[in-house]
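Coordinates as given in structure.cif (mmCIF, C-alpha atoms and all ligand atoms):
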data_work
loop_
_atom_site.label_atom_id
_atom_site.label_comp_id
_atom_site.auth_asym_id
_atom_site.auth_seq_id
_atom_site.Cartn_x
_atom_site.Cartn_y
_atom_site.Cartn_z
CA MET A 497 -2.81 44.57 -22.28
CA LYS A 498 -5.89 42.46 -21.50
CA VAL A 499 -7.30 42.22 -18.00
CA ARG A 500 -10.00 40.40 -16.07
CA ARG A 501 -11.05 40.27 -12.43
CA CYS A 502 -9.69 37.50 -10.22
CA SER A 503 -11.99 34.47 -10.18
CA ILE A 504 -13.08 34.45 -6.52
CA LEU A 505 -13.54 37.68 -4.58
CA HIS A 506 -15.60 38.77 -1.59
CA LEU A 507 -15.73 42.36 -0.41
CA GLU A 508 -16.34 43.01 3.27
CA PRO A 509 -17.26 46.35 4.83
CA ARG A 510 -15.46 46.65 8.16
CA GLU A 511 -15.34 49.11 11.01
CA ARG A 512 -12.15 50.12 12.78
CA VAL A 513 -12.61 51.54 16.29
CA GLU A 514 -9.84 53.75 17.66
CA PHE A 515 -9.51 55.47 21.00
CA ASN A 516 -9.31 59.26 20.92
CA LEU A 517 -8.38 61.03 24.14
CA ALA A 518 -9.23 64.49 22.81
CA GLY A 519 -12.70 63.27 21.91
CA LEU A 520 -13.18 61.80 25.38
CA LEU A 521 -12.10 65.08 27.02
CA ALA A 522 -14.51 66.92 24.73
CA GLY A 523 -17.38 64.84 26.09
CA SER A 524 -17.80 62.04 23.51
CA ASP A 525 -17.34 58.31 24.25
CA GLY A 526 -13.71 58.70 23.13
CA LEU A 527 -14.13 56.24 20.28
CA VAL A 528 -13.58 57.07 16.63
CA ARG A 529 -15.28 54.68 14.20
CA ARG A 530 -13.96 54.42 10.66
CA GLN A 531 -15.54 52.31 7.93
CA HIS A 532 -13.37 50.67 5.31
CA TRP A 533 -13.40 47.88 2.71
CA VAL A 534 -11.44 44.65 2.76
CA ALA A 535 -11.03 42.39 -0.29
CA LEU A 536 -10.93 38.67 0.45
CA ALA A 537 -9.45 36.86 -2.55
CA PRO A 538 -8.39 33.28 -1.75
CA HIS A 539 -5.74 33.11 -4.47
CA LEU A 540 -3.81 35.79 -2.54
CA GLY A 541 -4.18 34.21 0.89
CA HIS A 542 -4.11 37.57 2.68
CA GLU A 543 -6.60 40.41 3.12
CA VAL A 544 -6.21 43.48 0.94
CA GLY A 545 -7.49 46.93 1.85
CA ILE A 546 -9.28 48.78 -0.95
CA ASP A 547 -11.22 52.03 -1.27
CA GLU A 548 -14.77 52.65 -2.44
CA ALA A 549 -13.74 53.64 -5.96
CA GLU A 550 -11.73 50.41 -6.31
CA CYS A 551 -14.78 48.44 -5.06
CA MET A 552 -16.95 49.99 -7.75
CA LEU A 553 -14.42 49.29 -10.50
CA LEU A 554 -14.05 45.65 -9.40
CA GLY A 555 -17.80 45.33 -9.90
CA ARG A 556 -17.43 46.46 -13.51
CA ILE A 557 -14.66 44.08 -14.62
CA SER A 558 -15.61 40.64 -15.90
CA PRO A 559 -14.02 37.73 -14.01
CA GLU A 560 -14.25 35.58 -17.18
CA ALA A 561 -13.85 37.64 -20.35
CA TRP A 562 -10.51 39.35 -21.03
CA THR A 563 -11.01 43.09 -21.67
CA GLU A 564 -8.55 45.63 -23.11
CA ALA A 565 -7.14 47.67 -20.21
CA ALA A 566 -7.54 50.75 -22.42
CA ALA A 567 -11.31 50.42 -21.98
CA PHE A 568 -10.81 51.67 -18.41
CA ALA A 569 -9.73 55.24 -19.19
CA GLY A 570 -9.71 58.54 -17.33
CA ASP A 571 -10.26 58.30 -13.55
CA MET A 572 -10.36 54.52 -13.80
CA ARG A 573 -6.79 54.26 -15.03
CA PRO A 574 -4.96 54.75 -11.68
CA LEU A 575 -7.59 52.58 -9.97
CA LEU A 576 -6.96 49.75 -12.42
CA ARG A 577 -3.20 50.08 -11.88
CA SER A 578 -3.72 49.84 -8.11
CA LEU A 579 -5.95 46.76 -8.44
CA LEU A 580 -3.39 45.09 -10.73
CA HIS A 581 -0.71 45.85 -8.17
CA LYS A 582 -2.86 44.31 -5.41
CA GLY A 583 -3.51 41.16 -7.47
CA LEU A 584 -7.30 41.65 -7.57
CA VAL A 585 -7.27 42.34 -11.30
CA ILE A 586 -5.34 39.85 -13.38
CA ALA A 587 -3.43 40.73 -16.54
CA ARG A 588 -2.16 38.58 -19.39
CA HIS A 589 1.09 40.52 -19.47
CA ARG A 590 4.31 38.70 -18.43
CA ARG A 591 4.87 41.26 -15.67
CA HIS A 592 1.74 40.02 -13.87
CA ALA A 593 2.46 36.28 -14.30
CA ALA A 594 2.70 35.47 -10.58
CA PHE A 595 -0.82 36.69 -9.71
CA ARG A 596 -2.19 35.17 -12.93
CA GLN A 597 -0.79 31.73 -12.04
CA GLN A 598 -2.24 31.93 -8.52
CA ASP A 599 -5.63 32.91 -9.96
CA GLU A 600 -5.50 30.16 -12.59
CA ALA A 601 -4.82 27.59 -9.87
CA MET A 602 -8.04 28.76 -8.15
CA ARG A 603 -10.02 28.47 -11.41
CA GLU A 604 -8.75 24.93 -11.97
CA GLY A 605 -9.50 23.90 -8.37
CA TYR A 606 -13.35 23.84 -8.70
CA TRP A 607 -13.79 25.45 -5.27
CA HIS A 608 -17.19 26.79 -4.28
CA PRO A 609 -16.43 30.53 -3.87
CA LEU A 610 -17.70 30.83 -0.30
CA ALA A 611 -15.88 27.66 0.78
CA ALA A 612 -12.64 28.88 -0.81
CA THR A 613 -12.89 32.20 1.00
CA PHE A 614 -13.75 30.53 4.32
CA HIS A 615 -10.88 28.08 3.93
CA ALA A 616 -8.32 30.72 2.96
CA PHE A 617 -9.21 33.21 5.70
CA THR A 618 -9.67 30.98 8.74
CA ARG A 619 -6.06 29.85 8.82
CA TRP A 620 -3.43 30.50 11.47
CA ASP A 621 0.34 30.82 11.28
CA ASP A 622 1.43 31.92 14.73
CA ALA A 623 -1.54 31.70 17.07
CA ASP A 624 -1.06 30.94 20.76
CA ALA A 625 -4.29 29.32 21.97
CA VAL A 626 -3.02 28.95 25.52
CA GLN A 627 -2.17 32.62 25.91
CA ALA A 628 -5.54 33.55 24.39
CA MET A 629 -7.35 31.50 27.07
CA GLN A 630 -5.22 33.01 29.81
CA GLU A 631 -5.82 36.56 28.59
CA THR A 632 -9.58 36.06 28.40
CA GLY A 633 -9.72 34.18 31.71
CA THR A 634 -11.31 31.14 30.04
CA THR A 635 -8.87 28.37 30.92
CA THR A 636 -11.06 26.27 33.22
CA ALA A 637 -14.74 25.32 33.00
CA ALA A 638 -15.47 27.44 36.08
CA GLU A 639 -13.76 30.47 34.50
CA LEU A 640 -15.71 29.91 31.27
CA ARG A 641 -18.96 30.00 33.23
CA GLN A 642 -17.89 33.13 35.05
CA GLN A 643 -16.76 35.01 31.93
CA LEU A 644 -19.46 33.88 29.51
CA GLY A 645 -22.44 33.15 31.70
CA PRO A 646 -24.25 29.84 31.29
CA PRO A 647 -24.23 28.08 27.90
CA PRO A 648 -27.43 26.94 26.16
CA SER A 649 -28.78 23.96 28.11
CA GLU A 650 -27.08 20.58 27.78
CA ALA A 651 -30.14 18.88 26.24
CA ILE A 652 -33.58 19.90 25.05
CA SER A 653 -37.06 18.34 25.05
CA ARG A 654 -39.51 18.96 22.22
CA VAL A 655 -42.50 17.34 23.95
CA GLU A 656 -43.77 16.84 27.51
CA GLU A 657 -42.02 14.05 29.41
CA SER A 658 -45.24 12.00 29.32
CA GLU A 659 -45.15 12.03 25.50
CA GLN A 660 -41.61 10.74 25.25
CA VAL A 661 -41.19 7.21 23.88
CA ARG A 662 -38.72 5.60 26.26
CA LEU A 663 -36.30 3.24 24.48
CA PRO A 664 -35.20 -0.17 25.76
CA THR A 665 -31.68 -0.51 27.13
CA GLU A 666 -29.33 -3.38 26.39
CA ALA A 667 -26.54 -4.71 28.57
CA ASP A 668 -23.16 -3.17 27.64
CA ASN A 669 -20.92 -5.25 25.44
CA ALA A 670 -17.25 -4.84 24.51
CA PHE A 671 -18.05 -2.11 21.98
CA ASP A 672 -19.86 -0.05 24.64
CA GLN A 673 -16.85 -0.46 26.89
CA LEU A 674 -14.54 0.72 24.13
CA LEU A 675 -16.73 3.78 23.55
CA ALA A 676 -16.77 4.51 27.27
CA ARG A 677 -12.96 4.46 27.47
CA ARG A 678 -12.62 7.06 24.68
CA VAL A 679 -11.40 10.09 26.57
CA THR A 680 -9.47 12.91 24.90
CA CYS A 681 -5.91 12.47 26.15
CA ARG A 682 -4.08 15.55 27.41
CA ASN A 683 -1.42 13.65 29.36
CA PHE A 684 1.12 11.67 27.34
CA ASP A 685 4.14 9.73 28.56
CA THR A 686 7.14 11.16 26.70
CA ALA A 687 9.52 8.71 28.41
CA ARG A 688 7.93 5.54 26.99
CA PRO A 689 8.74 4.74 23.33
CA LEU A 690 5.84 3.68 21.12
CA PRO A 691 6.33 0.26 19.47
CA LEU A 692 6.35 0.43 15.67
CA VAL A 693 3.77 -2.36 15.48
CA LEU A 694 1.22 -0.24 17.38
CA LEU A 695 1.82 2.72 15.07
CA SER A 696 1.47 0.43 12.07
CA GLN A 697 -1.75 -1.15 13.34
CA LEU A 698 -3.32 2.20 14.08
CA LEU A 699 -2.40 3.83 10.75
CA GLY A 700 -3.65 0.75 8.90
CA ARG A 701 -6.96 0.73 10.76
CA VAL A 702 -7.63 4.45 10.30
CA PHE A 703 -6.03 5.40 6.99
CA GLY A 704 -5.26 2.06 5.32
CA VAL A 705 -7.04 0.84 2.18
CA ARG A 706 -9.29 -2.17 2.86
CA ALA A 707 -10.42 -2.71 -0.75
CA THR A 708 -10.50 -0.89 -4.07
CA GLU A 709 -13.15 -0.35 -6.72
CA ARG A 710 -11.21 -0.03 -9.99
CA VAL A 711 -13.47 1.48 -12.68
CA THR A 712 -10.57 2.01 -15.07
CA ASP A 713 -6.84 2.17 -14.35
CA ASP A 714 -7.06 5.94 -13.80
CA THR A 715 -10.34 5.95 -11.85
CA VAL A 716 -10.13 4.09 -8.56
CA PHE A 717 -12.39 4.37 -5.52
CA LEU A 718 -11.14 3.35 -2.10
CA LYS A 719 -12.73 1.49 0.78
CA LYS A 720 -11.46 2.54 4.19
CA SER A 721 -12.78 2.15 7.73
CA SER A 722 -14.38 5.63 7.66
CA PRO A 723 -17.00 6.82 5.16
CA SER A 724 -16.08 9.31 2.45
CA GLY A 725 -18.23 11.38 0.06
CA GLY A 726 -18.31 9.60 -3.31
CA GLY A 727 -15.87 6.96 -2.01
CA LEU A 728 -13.07 9.32 -3.00
CA GLN A 729 -11.16 9.29 0.30
CA PRO A 730 -9.33 12.58 -0.35
CA VAL A 731 -7.86 13.03 3.14
CA GLU A 732 -4.12 12.33 3.35
CA ALA A 733 -2.28 11.66 6.61
CA TYR A 734 0.95 13.57 7.21
CA LEU A 735 2.82 12.68 10.37
CA LEU A 736 5.27 14.21 12.79
CA ILE A 737 6.81 11.34 14.71
CA ARG A 738 8.98 11.22 17.76
CA ASN A 739 9.98 8.43 20.09
CA VAL A 740 8.64 5.55 17.99
CA GLN A 741 10.84 2.45 18.14
CA GLY A 742 12.69 1.76 14.90
CA LEU A 743 11.73 5.07 13.27
CA ALA A 744 13.79 8.22 13.04
CA ASP A 745 12.03 11.25 14.50
CA GLY A 746 10.76 13.45 11.69
CA ALA A 747 8.09 14.14 9.09
CA TYR A 748 6.38 11.39 7.11
CA HIS A 749 3.53 10.82 4.66
CA TYR A 750 1.42 7.68 5.05
CA GLN A 751 1.00 5.86 1.72
CA PRO A 752 -2.30 3.97 2.13
CA MET A 753 -2.01 1.59 -0.86
CA ALA A 754 1.41 0.31 0.20
CA HIS A 755 0.76 0.69 3.96
CA ALA A 756 4.11 2.46 4.16
CA LEU A 757 5.63 5.59 5.60
CA GLU A 758 7.36 7.98 3.25
CA PRO A 759 10.07 10.06 5.00
CA LEU A 760 9.85 13.74 4.08
CA PRO A 761 13.19 15.53 4.31
CA GLY A 762 13.63 19.19 4.94
CA LEU A 763 12.48 19.77 8.52
CA THR A 764 14.38 22.82 9.65
CA ARG A 765 13.69 22.46 13.39
CA PRO A 766 13.37 19.74 16.04
CA VAL A 767 10.10 17.79 15.81
CA ALA A 768 9.04 18.56 19.40
CA ALA A 769 9.30 22.33 18.89
CA LEU A 770 7.42 22.13 15.60
CA MET A 771 4.65 20.07 17.21
CA LEU A 772 4.20 22.65 19.97
CA ASP A 773 4.05 25.60 17.58
CA ALA A 774 1.77 23.74 15.16
CA LEU A 775 -0.58 23.01 18.07
CA ALA A 776 -0.75 26.72 18.93
CA GLN A 777 1.20 26.04 22.17
CA GLN A 778 -1.20 23.36 23.44
CA HIS A 779 1.60 21.56 25.31
CA TRP A 780 -0.83 18.91 26.59
CA PHE A 781 -1.17 17.56 23.03
CA ALA A 782 2.39 18.33 21.91
CA ASP A 783 3.74 15.52 24.14
CA ALA A 784 2.07 12.82 22.02
CA HIS A 785 4.34 10.42 20.14
CA VAL A 786 2.55 10.98 16.83
CA LEU A 787 0.88 14.04 15.33
CA VAL A 788 -1.31 13.35 12.30
CA ALA A 789 -2.19 16.31 10.09
CA LEU A 790 -5.38 15.63 8.11
CA ALA A 791 -4.75 17.24 4.73
CA PRO A 792 -7.41 16.66 2.06
CA ARG A 793 -6.51 16.69 -1.62
CA TYR A 794 -9.45 18.99 -2.37
CA ALA A 795 -9.19 18.41 -6.12
CA ARG A 796 -10.10 14.73 -5.65
CA ASN A 797 -13.42 15.58 -3.99
CA PHE A 798 -14.06 18.61 -6.22
CA TRP A 799 -13.43 16.43 -9.33
CA LYS A 800 -16.90 15.04 -8.71
CA TYR A 801 -18.46 17.87 -6.69
CA ARG A 802 -17.45 20.87 -8.84
CA HIS A 803 -18.20 24.31 -7.35
CA HIS A 804 -20.60 22.34 -5.14
CA ALA A 805 -22.15 24.10 -2.13
CA LYS A 806 -21.72 20.99 0.06
CA ALA A 807 -18.32 19.71 -1.08
CA TYR A 808 -16.14 21.47 1.52
CA ARG A 809 -18.61 20.51 4.23
CA ALA A 810 -18.25 16.86 3.19
CA VAL A 811 -14.47 17.01 3.42
CA VAL A 812 -14.63 18.60 6.88
CA LEU A 813 -17.01 15.85 8.01
CA GLU A 814 -14.64 13.23 6.65
CA ALA A 815 -11.84 14.61 8.80
CA GLY A 816 -14.19 14.21 11.78
CA HIS A 817 -14.92 10.59 10.88
CA LEU A 818 -11.23 9.81 10.57
CA SER A 819 -10.52 11.39 13.93
CA GLN A 820 -13.21 9.33 15.64
CA THR A 821 -11.88 6.12 14.06
CA LEU A 822 -8.43 7.16 15.26
CA TYR A 823 -9.74 7.79 18.79
CA LEU A 824 -11.38 4.35 18.93
CA SER A 825 -8.41 2.55 17.37
CA ALA A 826 -6.06 4.20 19.86
CA THR A 827 -8.37 3.41 22.77
CA ASP A 828 -8.57 -0.22 21.67
CA ALA A 829 -4.75 -0.37 21.60
CA GLY A 830 -4.49 1.09 25.12
CA LEU A 831 -3.29 4.44 23.80
CA GLY A 832 -4.54 7.99 24.28
CA ALA A 833 -5.69 10.18 21.38
CA TYR A 834 -6.76 13.75 20.66
CA VAL A 835 -8.15 15.93 17.89
CA THR A 836 -7.91 19.70 17.49
CA CYS A 837 -8.46 22.39 14.90
CA ALA A 838 -6.78 25.06 17.04
CA ILE A 839 -3.69 24.69 14.88
CA ASN A 840 -1.18 26.81 13.01
CA GLU A 841 -1.79 24.98 9.75
CA GLY A 842 0.62 27.29 7.92
CA LEU A 843 3.56 25.79 9.85
CA LEU A 844 2.49 22.22 9.08
CA GLU A 845 1.96 22.96 5.40
CA GLN A 846 5.42 24.47 5.25
CA ALA A 847 6.93 21.44 6.99
CA PHE A 848 5.16 18.92 4.72
CA GLY A 849 5.41 20.99 1.51
CA LEU A 850 1.65 21.43 1.04
CA ASP A 851 -0.13 24.23 -0.82
CA PRO A 852 -2.91 25.72 1.38
CA MET A 853 -5.59 25.79 -1.33
CA THR A 854 -4.86 22.38 -2.85
CA GLU A 855 -3.76 20.29 0.15
CA GLY A 856 -4.29 22.58 3.15
CA VAL A 857 -4.45 20.97 6.59
CA LEU A 858 -7.96 20.85 8.15
CA ALA A 859 -7.32 19.34 11.56
CA VAL A 860 -4.73 17.57 13.65
CA CYS A 861 -5.04 14.31 15.56
CA GLY A 862 -2.46 12.63 17.72
CA PHE A 863 -1.85 9.52 19.75
CA GLY A 864 0.63 7.88 22.08
CA TRP A 865 1.06 6.25 25.46
CA ARG A 866 -1.00 7.84 28.19
CA SER A 867 0.87 9.20 31.20
CA THR A 868 0.16 7.59 34.58
CA GLU A 869 -0.38 11.04 36.07
CA MET A 870 -3.06 13.59 35.15
CA VAL A 871 -1.46 17.05 35.05
CA THR A 872 -3.81 18.64 32.50
CA MET A 873 -7.54 18.15 32.99
CA GLU A 874 -9.39 15.48 31.01
CA LEU A 875 -13.15 14.97 30.84
CA ASP A 876 -13.67 11.60 32.46
CA PRO A 877 -16.65 11.91 34.83
CA ALA A 878 -17.34 8.17 34.57
CA GLU A 879 -13.77 7.51 35.75
CA GLN A 880 -13.02 5.11 32.92
CA ILE A 881 -9.40 6.20 32.60
CA TRP A 882 -8.68 8.19 35.74
CA ARG A 883 -9.99 6.68 38.99
CA ALA A 884 -10.70 9.16 41.81
CA PRO A 885 -8.08 8.98 44.61
CA GLY A 886 -8.92 6.25 47.11
CA VAL A 887 -11.40 4.50 44.78
CA ASP A 888 -8.79 2.43 42.98
CA ALA A 889 -7.78 -0.73 44.81
C1 LIG A 901 -13.33 19.34 16.46
C2 LIG A 901 -12.74 19.25 17.84
C3 LIG A 901 -11.77 20.16 18.21
C4 LIG A 901 -11.18 20.09 19.46
N1 LIG A 901 -10.21 20.98 19.81
C5 LIG A 901 -9.60 20.89 20.99
C6 LIG A 901 -8.56 21.78 21.34
O1 LIG A 901 -8.19 22.67 20.58
N2 LIG A 901 -7.97 21.64 22.54
C7 LIG A 901 -8.32 20.67 23.41
O2 LIG A 901 -7.72 20.58 24.49
N3 LIG A 901 -9.33 19.81 23.11
C8 LIG A 901 -9.96 19.89 21.92
N4 LIG A 901 -10.94 19.02 21.59
C9 LIG A 901 -11.30 17.95 22.53
C10 LIG A 901 -12.54 18.35 23.30
O3 LIG A 901 -12.20 19.33 24.24
C11 LIG A 901 -13.08 17.09 23.98
O4 LIG A 901 -13.62 16.26 22.99
C12 LIG A 901 -14.15 17.46 24.99
O5 LIG A 901 -13.59 18.08 26.11
C13 LIG A 901 -14.91 16.22 25.46
O6 LIG A 901 -14.01 15.30 26.02
P1 LIG A 901 -13.91 13.81 25.48
O7 LIG A 901 -13.39 13.87 24.07
O8 LIG A 901 -12.94 13.14 26.39
O9 LIG A 901 -15.28 13.24 25.52
C14 LIG A 901 -11.57 19.08 20.37
C15 LIG A 901 -12.56 18.16 19.98
C16 LIG A 901 -13.13 18.24 18.74
C17 LIG A 901 -14.17 17.24 18.33
#

Let me see the file written as structure tokens.
Amino acid sequence: MKVRRCSILHLEPRERVEFNLAGLLAGSDGLVRRQHWVALAPHLGHEVGIDEAECMLLGRISPEAWTEAAAFAGDMRPLLRSLLHKGLVIARHRRHAAFRQQDEAMREGYWHPLAATFHAFTRWDDADAVQAMQETGTTTAAELRQQLGPPPSEAISRVEESEQVRLPTEADNAFDQLLARRVTCRNFDTARPLPLVLLSQLLGRVFGVRATERVTDDTVFLKKSSPSGGGLQPVEAYLLIRNVQGLADGAYHYQPMAHALEPLPGLTRPVAALMLDALAQQHWFADAHVLVALAPRYARNFWKYRHHAKAYRAVVLEAGHLSQTLYLSATDAGLGAYVTCAINEGLLEQAFGLDPMTEGVLAVCGFGWRSTEMVTMELDPAEQIWRAPGVDA
């Protein structure tokens, strides 16, 4: 049987700290510290504990060339068996086909190794962001200040005030006013249906194709309202929709060439409950009429930027551009919008049928009618959306 090491692997030394009452009574600090190794292999999608001997053997197996397993004899034999069992060493044998296919998918994906590892191991499946804030006493700005002390200052100067070159100011125009009204919405009106035409306008403005650059029939670059590295526009929009006139609640994919929604069957639970869980219990966002999961097709970017140190960064930035265009489009239409990466992307990928390493969700945006009442705090010190009591006529 021939073997080779999995293609992408990072080994992390960790420390586990356990409380020990006997130690405390004997006069120590009561803490027992144990060092151990964790293997982070993105093709597996979960951490794997390994021992020092396994670490050393992993360092001796080529990730490219296939080697006869018999070459690892003696003490190495049980170690190799363990690493095969854990999916860190790949074998050509039929019995190990599942791990081999996962590893081959990684090889064909052109991921930069560090980006792949970061992407694979910063994902959530069942996080509760609200509970986490409550437990750490960091729900409000005042609590944050109390728990964490002051943050780094809000702005910095690199020269004395006298050396600053003051810039001229222009009178605000309609674009300034639009920018000023962009306030992250945490209060949506679940009772008011969203007209289909507003949904259509917004999706077209943010995700729609404005023009194409057709090099050959199989090589087409897209022009959209947001910039994209290499003009590749790899970020797909997957939607959870509820309370939109003329549309059944459910999961959809936006097809940007046709400006059409593609219904995705197979949701196993009500949309509202899925939205809440996907948003890690952030109920203030889960009330929005539309949730948009930004899911890049990484292979489209990595086709040009193979194993590139900046490729993943570019895709993350693109998600940010799309979210800002969505914010402004929603604001222009009189709607509220949000963006968050505190998400259980695993649940969304399951709902939309997406593989984490090829089409994994990066961030979530949403939009819908604003509520007339502010229950959850929004940052609107200029009172563009929410007028202070008594100020409004
Ligand atoms: C990348 C990103 C992630 C965010 N994640 C969250 C989030 O998880 N929960 C939330 O309530 N707001 C989230 N926000 C919204 C910010 O809290 C908000 O932008 C900030 O309070 C400033 O308010 P403004 O957008 O109205 O200017 C996020 C914003 C960005 C850009």

* Residues within 9 Å of ligand LIG 901 (chain A) (all atoms listed in the file), as number ranges by chain? -> A: 625, 677-682, 775-776, 778, 780-781, 816, 819-820, 823, 833-839, 859-860, 873-876

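Straight-line separation from CA of Glu543 in chain A to CA of Asp622 in chain A: 16.5 Å.
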
* **Residues within 10 Å of Ile504 in chain A, all atoms listed in the file, excluding chain neighbours under 5 positions, as a count of residues only** => 15

* Write out as a ChimeraX atom specification the residues lying within 9 Å of Phe515 in chain A, counting only C-alpha atoms and excluding same-chain residues fewer than 6 positions away. => /A:525-529

* Pick out the residues sitting within 7 Å of range 550-553 of chain A, and hand them over as a PyMOL selection string; count only C-alpha atoms, and ignore anything fewer than 4 positions along from it in its own chain. => chain A and resi 546+557+575

Which residues are close to Phe848 in chain A, i.e. within 9 Å by only C-alpha atoms, leaving aside same-chain residues fewer than 2 positions away? Reply as a compact mmCIF listing (two decimals) with C-alpha atoms, keeping the file's coordinate frame.
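Produced file around.txt, reproduced below:
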# COMPACT_ATOMS: atom_id res chain seq x y z
CA TYR A 734 0.95 13.57 7.21
CA LEU A 735 2.82 12.68 10.37
CA ALA A 747 8.09 14.14 9.09
CA TYR A 748 6.38 11.39 7.11
CA HIS A 749 3.53 10.82 4.66
CA LEU A 760 9.85 13.74 4.08
CA PRO A 761 13.19 15.53 4.31
CA GLY A 762 13.63 19.19 4.94
CA LEU A 763 12.48 19.77 8.52
CA LEU A 843 3.56 25.79 9.85
CA LEU A 844 2.49 22.22 9.08
CA GLU A 845 1.96 22.96 5.40
CA GLN A 846 5.42 24.47 5.25
CA LEU A 850 1.65 21.43 1.04

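With all atoms listed in the file as the atoms that count, the residue of A:Ala782, A:Leu728, A:Val585, A:Ala637 with the shortest distance to Phe798 in chain A is A:Leu728.
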
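The two atoms in question, CA of Thr872 in chain A and CA of Ala628 in chain A, are spaced 17.1 Å apart.
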
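With all atoms listed in the file as the atoms that count, the residue of A:Val544, A:Ala756, A:Ala561, A:Leu698 with the shortest distance to His532 in chain A is A:Val544.
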
* Pick out the residues sitting within 10 Å of Glu511 in chain A, and hand them over as number ranges by chain; count all atoms listed in the file, and ignore anything fewer than 2 positions along from it in its own chain. => A: 508-509, 513-514, 528-533

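With CA of Pro759 in chain A on one side and CA of His785 in chain A on the other, the separation reads 16.2 Å.
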
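Of the residues under consideration (A:Pro792, A:Gly700, A:Gly633, A:Pro689), A:Pro792 shows the shortest atom-to-atom contact distance to Gln729 in chain A when counting only C-alpha atoms.
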